file coords24.cif (mmCIF, C-alpha atoms)
data_run
loop_
_atom_site.group_PDB
_atom_site.id
_atom_site.type_symbol
_atom_site.label_atom_id
_atom_site.label_comp_id
_atom_site.auth_asym_id
_atom_site.auth_seq_id
_atom_site.Cartn_x
_atom_site.Cartn_y
_atom_site.Cartn_z
ATOM 1 C CA MET F 150 -6.259 12.729 -7.011
ATOM 2 C CA ILE F 151 -2.996 14.168 -8.312
ATOM 3 C CA LEU F 152 0.173 13.579 -6.286
ATOM 4 C CA VAL F 153 3.901 13.998 -6.622
ATOM 5 C CA ASP F 154 5.806 10.770 -6.092
ATOM 6 C CA LYS F 155 8.479 12.080 -3.740
ATOM 7 C CA ASN F 156 10.613 9.027 -4.485
ATOM 8 C CA GLN F 157 10.772 9.951 -8.177
ATOM 9 C CA CYS F 158 10.778 13.757 -8.037
ATOM 10 C CA VAL F 159 14.278 15.219 -8.340
ATOM 11 C CA GLY F 160 13.233 18.794 -7.512
ATOM 12 C CA CYS F 161 14.065 20.207 -10.961
ATOM 13 C CA GLY F 162 11.163 22.694 -10.853
ATOM 14 C CA ILE F 163 9.991 22.209 -14.437
ATOM 15 C CA CYS F 164 6.455 21.507 -13.190
ATOM 16 C CA VAL F 165 6.433 24.777 -11.267
ATOM 17 C CA SER F 166 7.590 26.712 -14.330
ATOM 18 C CA VAL F 167 4.600 25.472 -16.346
ATOM 19 C CA CYS F 168 2.015 25.567 -13.539
ATOM 20 C CA GLN F 169 2.824 27.933 -10.674
ATOM 21 C CA GLU F 170 -0.837 28.020 -9.663
ATOM 22 C CA ALA F 171 -0.926 24.320 -8.768
ATOM 23 C CA VAL F 172 2.611 23.213 -7.929
ATOM 24 C CA THR F 173 5.217 24.443 -5.468
ATOM 25 C CA LEU F 174 8.776 23.292 -5.010
ATOM 26 C CA GLU F 175 9.649 22.486 -1.419
ATOM 27 C CA VAL F 176 13.403 23.097 -1.638
ATOM 28 C CA GLU F 177 14.112 21.902 1.914
ATOM 29 C CA LYS F 178 12.220 18.671 1.270
ATOM 30 C CA GLY F 179 13.701 18.310 -2.210
ATOM 31 C CA PHE F 180 10.473 17.635 -4.092
ATOM 32 C CA ALA F 181 7.454 19.377 -5.579
ATOM 33 C CA GLU F 182 3.994 19.367 -4.009
ATOM 34 C CA ILE F 183 0.558 19.815 -5.521
ATOM 35 C CA VAL F 184 -1.266 22.784 -4.012
ATOM 36 C CA THR F 185 -4.475 22.458 -6.016
ATOM 37 C CA GLU F 186 -5.765 20.236 -8.787
ATOM 38 C CA SER F 187 -8.426 22.638 -9.963
ATOM 39 C CA VAL F 188 -6.424 24.549 -12.560
ATOM 40 C CA ASP F 189 -6.017 23.848 -16.253
ATOM 41 C CA CYS F 190 -2.225 23.869 -16.215
ATOM 42 C CA ILE F 191 -1.939 20.795 -13.965
ATOM 43 C CA ARG F 192 -2.079 18.545 -17.056
ATOM 44 C CA LYS F 193 0.855 20.504 -18.515
ATOM 45 C CA ALA F 194 2.823 19.909 -15.309
ATOM 46 C CA ILE F 195 2.133 16.165 -15.494
ATOM 47 C CA THR F 196 3.321 16.064 -19.111
ATOM 48 C CA ALA F 197 6.336 18.308 -18.512
ATOM 49 C CA CYS F 198 7.799 16.277 -15.639
ATOM 50 C CA PRO F 199 10.938 14.537 -16.962
ATOM 51 C CA GLN F 200 10.817 11.977 -14.126
ATOM 52 C CA ASN F 201 7.126 11.114 -14.591
ATOM 53 C CA ALA F 202 6.787 11.893 -10.892
ATOM 54 C CA ILE F 203 3.399 13.625 -11.016
ATOM 55 C CA LYS F 204 0.712 10.970 -10.911
ATOM 56 C CA GLU F 205 -3.013 10.929 -11.155
ATOM 57 C CA ILE F 206 -4.147 8.250 -8.724
ATOM 58 C CA LYS F 207 -7.581 6.983 -9.694
ATOM 59 C CA ASP F 208 -7.185 3.550 -8.177
ATOM 60 C CA LYS F 209 -9.183 2.259 -5.273
ATOM 61 C CA LEU F 210 -7.032 -0.239 -3.447
ATOM 62 C CA ILE F 211 -7.924 -2.773 -0.801
ATOM 63 C CA PHE F 212 -5.348 -3.234 1.977
ATOM 64 C CA ALA F 213 -5.130 -6.003 4.566
ATOM 65 C CA ILE F 214 -3.175 -5.375 7.749
ATOM 66 C CA GLY F 215 -2.399 -8.361 9.990
ATOM 67 C CA THR F 216 -3.188 -7.790 13.665
ATOM 68 C CA ASP F 217 -3.954 -9.648 16.878
ATOM 69 C CA ASP F 218 -5.543 -6.748 18.752
ATOM 70 C CA HIS F 219 -7.101 -4.441 16.102
ATOM 71 C CA LYS F 220 -4.677 -1.638 17.091
ATOM 72 C CA THR F 221 -1.163 -2.816 16.263
ATOM 73 C CA ILE F 222 0.451 -4.641 13.369
ATOM 74 C CA LYS F 223 1.326 -8.242 14.246
ATOM 75 C CA SER F 224 4.948 -8.018 15.321
ATOM 76 C CA ASN F 225 5.873 -11.267 17.073
ATOM 77 C CA ASP F 226 5.331 -13.599 14.095
ATOM 78 C CA HIS F 227 4.636 -13.665 10.353
ATOM 79 C CA VAL F 228 1.626 -11.750 9.061
ATOM 80 C CA GLY F 229 -0.061 -15.031 8.063
ATOM 81 C CA GLN F 230 -0.203 -15.975 11.733
ATOM 82 C CA SER F 231 -2.316 -12.918 12.594
ATOM 83 C CA LEU F 232 -5.564 -13.583 14.422
ATOM 84 C CA TYR F 233 -7.289 -10.960 12.255
ATOM 85 C CA PHE F 234 -6.869 -8.959 9.095
ATOM 86 C CA GLN F 235 -8.231 -5.453 9.092
ATOM 87 C CA ILE F 236 -9.408 -4.597 5.596
ATOM 88 C CA PHE F 237 -9.110 -0.968 4.489
ATOM 89 C CA GLU F 238 -10.097 0.753 1.264
ATOM 90 C CA TYR F 239 -7.872 3.523 -0.086
ATOM 91 C CA SER F 240 -9.642 6.081 -2.270
ATOM 92 C CA GLU F 241 -9.027 9.775 -2.937
ATOM 93 C CA GLY F 242 -6.299 10.015 -0.301
ATOM 94 C CA LYS F 243 -8.305 8.437 2.507
ATOM 95 C CA MET F 244 -8.143 5.060 4.221
ATOM 96 C CA ALA F 245 -11.451 3.636 5.472
ATOM 97 C CA LEU F 246 -11.858 0.494 7.564
ATOM 98 C CA LYS F 247 -14.257 -1.783 5.694
ATOM 99 C CA GLU F 248 -14.203 -4.943 7.777
ATOM 100 C CA THR F 249 -12.215 -7.183 10.072
ATOM 101 C CA ARG F 250 -11.692 -10.753 8.936
ATOM 102 C CA GLU F 251 -10.884 -13.512 11.362
ATOM 103 C CA ASN F 252 -8.049 -15.750 10.270
ATOM 104 C CA PRO F 253 -9.780 -19.139 10.608
ATOM 105 C CA LYS F 254 -6.662 -20.997 9.522
ATOM 106 C CA PHE F 255 -4.607 -19.594 12.416
ATOM 107 C CA LYS F 256 -4.870 -22.599 14.761
ATOM 108 C CA GLU F 257 -4.564 -25.090 11.944
ATOM 109 C CA ASP F 258 -1.379 -23.408 10.714
ATOM 110 C CA GLU F 259 0.473 -23.551 14.044
ATOM 111 C CA THR F 260 1.691 -27.086 13.385
ATOM 112 C CA ARG F 261 2.682 -26.609 9.753
ATOM 113 C CA VAL F 262 6.244 -26.380 8.535
ATOM 114 C CA HIS F 263 7.871 -22.932 8.340
ATOM 115 C CA GLY F 264 7.335 -21.640 4.800
ATOM 116 C CA ASP F 265 4.820 -24.383 3.970
ATOM 117 C CA ALA F 266 2.858 -23.697 0.760
ATOM 118 C CA GLY F 267 -0.339 -24.584 2.621
ATOM 119 C CA LYS F 268 0.175 -21.644 4.962
ATOM 120 C CA ALA F 269 0.440 -19.246 2.017
ATOM 121 C CA LYS F 270 -2.711 -20.735 0.490
ATOM 122 C CA ALA F 271 -4.568 -20.439 3.823
ATOM 123 C CA THR F 272 -3.539 -16.783 4.194
ATOM 124 C CA ALA F 273 -4.527 -15.990 0.607
ATOM 125 C CA SER F 274 -7.936 -17.617 1.067
ATOM 126 C CA VAL F 275 -8.774 -15.185 3.876
ATOM 127 C CA LEU F 276 -7.692 -12.220 1.747
ATOM 128 C CA ASN F 277 -9.997 -12.566 -1.237
ATOM 129 C CA GLY F 278 -10.344 -9.192 -2.999
ATOM 130 C CA VAL F 279 -7.267 -7.680 -1.320
ATOM 131 C CA ASP F 280 -4.654 -5.842 -3.404
ATOM 132 C CA VAL F 281 -2.003 -5.071 -0.782
ATOM 133 C CA LEU F 282 -0.893 -7.120 2.227
ATOM 134 C CA ILE F 283 0.778 -5.169 5.021
ATOM 135 C CA GLY F 284 2.840 -6.773 7.760
ATOM 136 C CA LYS F 285 5.827 -6.186 9.972
ATOM 137 C CA ILE F 286 7.237 -9.661 9.230
ATOM 138 C CA MET F 287 6.377 -11.716 6.144
ATOM 139 C CA GLY F 288 8.453 -14.885 6.356
ATOM 140 C CA PRO F 289 9.487 -17.253 3.573
ATOM 141 C CA ASN F 290 6.017 -17.451 2.031
ATOM 142 C CA ILE F 291 6.448 -13.940 0.680
ATOM 143 C CA VAL F 292 7.675 -15.578 -2.546
ATOM 144 C CA ARG F 293 4.215 -17.118 -2.929
ATOM 145 C CA LEU F 294 2.165 -14.222 -1.557
ATOM 146 C CA LYS F 295 3.777 -11.586 -3.777
ATOM 147 C CA ASN F 296 2.298 -13.393 -6.782
ATOM 148 C CA GLN F 297 -1.176 -12.495 -5.504
ATOM 149 C CA PHE F 298 -0.655 -9.266 -3.556
ATOM 150 C CA VAL F 299 1.600 -6.293 -3.345
ATOM 151 C CA CYS F 300 3.391 -7.174 -0.113
ATOM 152 C CA ALA F 301 4.656 -4.278 1.977
ATOM 153 C CA ILE F 302 6.611 -4.242 5.192
ATOM 154 C CA ILE F 303 5.816 -1.444 7.622
ATOM 155 C CA ARG F 304 7.960 -1.271 10.736
ATOM 156 C CA GLU F 305 5.542 1.025 12.563
ATOM 157 C CA LYS F 306 3.699 -0.600 15.459
ATOM 158 C CA GLU F 307 0.385 1.291 15.453
ATOM 159 C CA ILE F 308 -2.076 0.698 12.599
ATOM 160 C CA THR F 309 -3.106 4.377 12.581
ATOM 161 C CA ALA F 310 0.534 5.411 12.015
ATOM 162 C CA ALA F 311 0.887 2.709 9.346
ATOM 163 C CA MET F 312 -2.024 4.230 7.443
ATOM 164 C CA ASP F 313 -0.149 7.548 7.259
ATOM 165 C CA ILE F 314 2.873 5.690 5.852
ATOM 166 C CA ILE F 315 0.647 3.982 3.276
ATOM 167 C CA LYS F 316 -0.848 7.314 2.161
ATOM 168 C CA ALA F 317 2.613 8.921 1.962
ATOM 169 C CA ASN F 318 3.822 6.068 -0.265
ATOM 170 C CA ILE F 319 0.673 5.441 -2.303
ATOM 171 C CA CYS F 320 2.420 6.312 -5.595
ATOM 172 C CA ALA F 321 4.985 3.542 -5.071
ATOM 173 C CA ILE F 322 2.269 1.084 -4.010
ATOM 174 C CA VAL F 323 0.164 1.859 -7.097
ATOM 175 C CA HIS F 324 3.300 1.498 -9.241
ATOM 176 C CA GLU F 325 3.941 -1.971 -7.777
ATOM 177 C CA LYS F 326 0.285 -2.948 -8.289
ATOM 178 C CA ASN F 327 0.445 -1.822 -11.927
ATOM 179 C CA LYS F 328 3.655 -3.829 -12.444
ATOM 180 C CA GLN F 329 1.896 -6.867 -10.999
ATOM 181 C CA ASN F 330 -1.109 -6.335 -13.290
ATOM 182 C CA SER F 331 1.098 -6.038 -16.380
ATOM 183 C CA LYS F 332 2.878 -9.312 -15.450
ATOM 184 C CA GLU F 333 -0.513 -11.051 -15.237
ATOM 185 C CA LYS F 334 -1.465 -9.824 -18.724
ATOM 186 C CA SER F 335 1.746 -11.003 -20.377
#
call {"tool": "encode", "arguments": {"input": "coords24.cif", "output": "structure tokens"}}
result
Amino acid sequence: MILVDKNQCVGCGICVSVCQEAVTLEVEKGFAEIVTESVDCIRKAITACPQNAIKEIKDKLIFAIGTDDHKTIKSNDHVGQSLYFQIFEYSEGKMALKETRENPKFKEDETRVHGDAGKAKATASVLNGVDVLIGKIMGPNIVRLKNQFVCAIIREKEITAAMDIIKANICAIVHEKNKQNSKEKS
């Protein structure tokens, strides 16, 4: 899937000049948009972009969203205190619910110290295979969790609305995941 990272695009229009068939410049929005990927010139547009804002997203990412009710993001406490984690797979611009995991450490964690390393370890153990952890509140253990996951704060209440925010910002999320992967290799 080819996307324009709206946070990097400066609206210069160079991509449009080399590939009018596939790219339009939304002047009011201030960034380019891909109309179709099925033309030969799209590769020229990717190469021509001085901001490197046109991205080919091949990644499949696994997201965990903390919730107590399967509908809303946990909002009255840290994400690690969620009763459940809904696990979604992002691929080709779509988010699909794969499973719901119960947080078995929830009751055990209630008595632990705020920011306790054991809480971070308990949360991470439930999230095996997850790339991105989504919550409304992270708490002090974010310093530990961000070593294992891309941690993202979404202030939206409804999980369905949060998924739209994730898709709209997938370029930035993939960028953060790639930064994390390059840190692990060095």
call {"tool": "resolve_selection", "arguments": {"input": "coords24.cif", "expression": "the PyMOL selection byres ((chain F and resi 312) around 10)", "output": "PyMOL selection string"}}
result
chain F and resi 212+214+237+239+243-245+303+305+307-311+313-318
call {"tool": "residues_near_point", "arguments": {"input": "coords24.cif", "point": "(-3.7, 28.4, -18.7)", "cutoff": "12 Å", "atoms": "all atoms listed in the file", "output": "list in words"}}
result
Val167, Cys168, Gln169, Glu170, Ala171, Ser187, Val188, Asp189, Cys190, Ile191, Arg192, Lys193 and Ala194 of chain F
call {"tool": "closest_atom_pairs", "arguments": {"input": "coords24.cif", "of": "region 195-269 of chain F", "to": "region 274-288 of chain F", "cutoff": "6 Å", "atoms": "only C-alpha atoms", "output": "Markdown table"}}
result
| residue | atom | partner | partner_atom | distance |
| --- | --- | --- | --- | --- |
| F:Ile211 | CA | F:Val279 | CA | 5.0 |
| F:Phe212 | CA | F:Val281 | CA | 4.7 |
| F:Ala213 | CA | F:Leu282 | CA | 5.0 |
| F:Ile214 | CA | F:Ile283 | CA | 4.8 |
| F:Gly215 | CA | F:Gly284 | CA | 5.9 |
| F:Ser224 | CA | F:Lys285 | CA | 5.7 |
| F:His227 | CA | F:Ile286 | CA | 4.9 |
| F:Val228 | CA | F:Gly284 | CA | 5.3 |
call {"tool": "residues_around", "arguments": {"input": "coords24.cif", "residues": "Thr216 (chain F)", "least_positions_apart": "4", "cutoff": "9 Å", "atoms": "all atoms listed in the file", "output": "number ranges by chain"}}
result
F: 220-224, 228, 230-235, 284, 308
call {"tool": "resolve_selection", "arguments": {"input": "coords24.cif", "expression": "the PyMOL selection byres ((chain F and resi 173-180) around 10)", "output": "MDAnalysis selection string"}}
result
chainID F and resid 153:166 168:172 181:185 202
call {"tool": "write_last_selection", "arguments": {"input": "coords24.cif", "atoms": "C-alpha atoms", "output": "PDB file, in the frame of the given file"}}
result
ATOM      1  CA  VAL F 153       3.901  13.998  -6.622  1.00  0.00           C
ATOM      2  CA  ASP F 154       5.806  10.770  -6.092  1.00  0.00           C
ATOM      3  CA  LYS F 155       8.479  12.080  -3.740  1.00  0.00           C
ATOM      4  CA  ASN F 156      10.613   9.027  -4.485  1.00  0.00           C
ATOM      5  CA  GLN F 157      10.772   9.951  -8.177  1.00  0.00           C
ATOM      6  CA  CYS F 158      10.778  13.757  -8.037  1.00  0.00           C
ATOM      7  CA  VAL F 159      14.278  15.219  -8.340  1.00  0.00           C
ATOM      8  CA  GLY F 160      13.233  18.794  -7.512  1.00  0.00           C
ATOM      9  CA  CYS F 161      14.065  20.207 -10.961  1.00  0.00           C
ATOM     10  CA  GLY F 162      11.163  22.694 -10.853  1.00  0.00           C
ATOM     11  CA  ILE F 163       9.991  22.209 -14.437  1.00  0.00           C
ATOM     12  CA  CYS F 164       6.455  21.507 -13.190  1.00  0.00           C
ATOM     13  CA  VAL F 165       6.433  24.777 -11.267  1.00  0.00           C
ATOM     14  CA  SER F 166       7.590  26.712 -14.330  1.00  0.00           C
ATOM     15  CA  CYS F 168       2.015  25.567 -13.539  1.00  0.00           C
ATOM     16  CA  GLN F 169       2.824  27.933 -10.674  1.00  0.00           C
ATOM     17  CA  GLU F 170      -0.837  28.020  -9.663  1.00  0.00           C
ATOM     18  CA  ALA F 171      -0.926  24.320  -8.768  1.00  0.00           C
ATOM     19  CA  VAL F 172       2.611  23.213  -7.929  1.00  0.00           C
ATOM     20  CA  ALA F 181       7.454  19.377  -5.579  1.00  0.00           C
ATOM     21  CA  GLU F 182       3.994  19.367  -4.009  1.00  0.00           C
ATOM     22  CA  ILE F 183       0.558  19.815  -5.521  1.00  0.00           C
ATOM     23  CA  VAL F 184      -1.266  22.784  -4.012  1.00  0.00           C
ATOM     24  CA  THR F 185      -4.475  22.458  -6.016  1.00  0.00           C
ATOM     25  CA  ALA F 202       6.787  11.893 -10.892  1.00  0.00           C
TER      26      ALA F 202
END
call {"tool": "residues_near_point", "arguments": {"input": "coords24.cif", "point": "(-2.7, 9.9, -10.3)", "cutoff": "6 Å", "atoms": "only C-alpha atoms", "output": "ChimeraX atom specification"}}
result
/F:150-151,204-207
call {"tool": "atom_distance", "arguments": {"input": "coords24.cif", "atom1": "CA of Asp226 (chain F)", "atom2": "CA of Leu294 (chain F)"}}
result
16.0 Å
call {"tool": "resolve_selection", "arguments": {"input": "coords24.cif", "expression": "the PyMOL selection byres ((chain F and resi 271) around 9)", "output": "number ranges by chain"}}
result
F: 229, 252-255, 258, 266-270, 272-275
call {"tool": "atom_distance", "arguments": {"input": "coords24.cif", "atom1": "CA of Ile236 (chain F)", "atom2": "CA of Ile302 (chain F)"}}
result
16.0 Å
call {"tool": "closest_residue", "arguments": {"input": "coords24.cif", "among": "F:Leu152, F:Asp265, F:Leu210, F:Ile203", "to": "Asn327 (chain F)", "atoms": "only C-alpha atoms"}}
result
F:Leu210
call {"tool": "atom_distance", "arguments": {"input": "coords24.cif", "atom1": "CA of Glu251 (chain F)", "atom2": "CA of Asn225 (chain F)"}}
result
17.8 Å
call {"tool": "axis_aligned_box", "arguments": {"input": "coords24.cif", "around": "region 187-203 of chain F", "padding_each_side": "8 Å", "output": "AutoDock Vina command-line options"}}
result
--center_x 1.3 --center_y 17.8 --center_z -14.5 --size_x 35.4 --size_y 29.4 --size_z 25.1
call {"tool": "closest_residue", "arguments": {"input": "coords24.cif", "among": "F:Asp218, F:Asp208, F:Arg304, F:Lys295", "to": "Glu241 (chain F)", "atoms": "all atoms listed in the file"}}
result
F:Asp208
call {"tool": "decode", "arguments": {"input": "coords24.cif", "residues": "region 176-200 of chain F", "atoms": "N, CA and C atoms", "output": "mmCIF file, in the first residue's frame"}}
result
data_model
loop_
_atom_site.group_PDB
_atom_site.id
_atom_site.type_symbol
_atom_site.label_atom_id
_atom_site.label_comp_id
_atom_site.auth_asym_id
_atom_site.auth_seq_id
_atom_site.Cartn_x
_atom_site.Cartn_y
_atom_site.Cartn_z
ATOM 1 N N VAL F 176 -4.637 21.165 -1.899
ATOM 2 C CA VAL F 176 -4.117 22.448 -1.448
ATOM 3 C C VAL F 176 -4.739 22.870 -0.117
ATOM 4 N N GLU F 177 -6.031 22.690 0.040
ATOM 5 C CA GLU F 177 -6.684 23.074 1.301
ATOM 6 C C GLU F 177 -6.174 22.266 2.486
ATOM 7 N N LYS F 178 -5.864 20.995 2.239
ATOM 8 C CA LYS F 178 -5.334 20.148 3.313
ATOM 9 C C LYS F 178 -3.838 20.380 3.505
ATOM 10 N N GLY F 179 -3.160 20.772 2.430
ATOM 11 C CA GLY F 179 -1.732 21.054 2.515
ATOM 12 C C GLY F 179 -0.827 19.865 2.256
ATOM 13 N N PHE F 180 -1.386 18.775 1.731
ATOM 14 C CA PHE F 180 -0.546 17.612 1.435
ATOM 15 C C PHE F 180 -1.095 16.853 0.228
ATOM 16 N N ALA F 181 -0.209 16.034 -0.341
ATOM 17 C CA ALA F 181 -0.576 15.222 -1.505
ATOM 18 C C ALA F 181 -1.347 13.985 -1.054
ATOM 19 N N GLU F 182 -2.084 13.395 -1.993
ATOM 20 C CA GLU F 182 -2.790 12.142 -1.731
ATOM 21 C C GLU F 182 -2.620 11.216 -2.914
ATOM 22 N N ILE F 183 -2.515 9.931 -2.631
ATOM 23 C CA ILE F 183 -2.407 8.922 -3.676
ATOM 24 C C ILE F 183 -3.814 8.599 -4.161
ATOM 25 N N VAL F 184 -4.011 8.671 -5.468
ATOM 26 C CA VAL F 184 -5.303 8.372 -6.068
ATOM 27 C C VAL F 184 -5.355 6.910 -6.499
ATOM 28 N N THR F 185 -4.247 6.441 -7.073
ATOM 29 C CA THR F 185 -4.136 5.052 -7.496
ATOM 30 C C THR F 185 -2.678 4.625 -7.435
ATOM 31 N N GLU F 186 -2.486 3.354 -7.151
ATOM 32 C CA GLU F 186 -1.118 2.811 -7.114
ATOM 33 C C GLU F 186 -0.780 2.085 -8.397
ATOM 34 N N SER F 187 -1.749 1.893 -9.245
ATOM 35 C CA SER F 187 -1.590 1.010 -10.395
ATOM 36 C C SER F 187 -1.053 1.701 -11.652
ATOM 37 N N VAL F 188 -0.161 2.627 -11.484
ATOM 38 C CA VAL F 188 0.487 3.261 -12.636
ATOM 39 C C VAL F 188 2.000 3.208 -12.440
ATOM 40 N N ASP F 189 2.702 3.163 -13.562
ATOM 41 C CA ASP F 189 4.157 3.026 -13.516
ATOM 42 C C ASP F 189 4.863 4.208 -12.865
ATOM 43 N N CYS F 190 4.301 5.396 -13.003
ATOM 44 C CA CYS F 190 5.002 6.586 -12.518
ATOM 45 C C CYS F 190 5.006 6.736 -10.996
ATOM 46 N N ILE F 191 4.270 5.897 -10.276
ATOM 47 C CA ILE F 191 4.209 6.048 -8.820
ATOM 48 C C ILE F 191 5.592 5.891 -8.195
ATOM 49 N N ARG F 192 6.418 5.019 -8.760
ATOM 50 C CA ARG F 192 7.794 4.840 -8.248
ATOM 51 C C ARG F 192 8.611 6.117 -8.445
ATOM 52 N N LYS F 193 8.366 6.817 -9.555
ATOM 53 C CA LYS F 193 9.052 8.097 -9.794
ATOM 54 C C LYS F 193 8.636 9.125 -8.752
ATOM 55 N N ALA F 194 7.360 9.128 -8.385
ATOM 56 C CA ALA F 194 6.862 10.067 -7.380
ATOM 57 C C ALA F 194 7.502 9.785 -6.019
ATOM 58 N N ILE F 195 7.636 8.516 -5.683
ATOM 59 C CA ILE F 195 8.276 8.140 -4.411
ATOM 60 C C ILE F 195 9.710 8.651 -4.384
ATOM 61 N N THR F 196 10.429 8.424 -5.478
ATOM 62 C CA THR F 196 11.834 8.846 -5.570
ATOM 63 C C THR F 196 11.980 10.363 -5.610
ATOM 64 N N ALA F 197 11.054 11.035 -6.265
ATOM 65 C CA ALA F 197 11.159 12.486 -6.453
ATOM 66 C C ALA F 197 10.838 13.289 -5.187
ATOM 67 N N CYS F 198 10.110 12.717 -4.263
ATOM 68 C CA CYS F 198 9.689 13.465 -3.076
ATOM 69 C C CYS F 198 10.894 13.894 -2.235
ATOM 70 N N PRO F 199 11.110 15.211 -2.089
ATOM 71 C CA PRO F 199 12.265 15.680 -1.317
ATOM 72 C C PRO F 199 12.118 15.459 0.194
ATOM 73 N N GLN F 200 10.911 15.218 0.657
ATOM 74 C CA GLN F 200 10.658 14.995 2.082
ATOM 75 C C GLN F 200 10.593 13.505 2.441
#
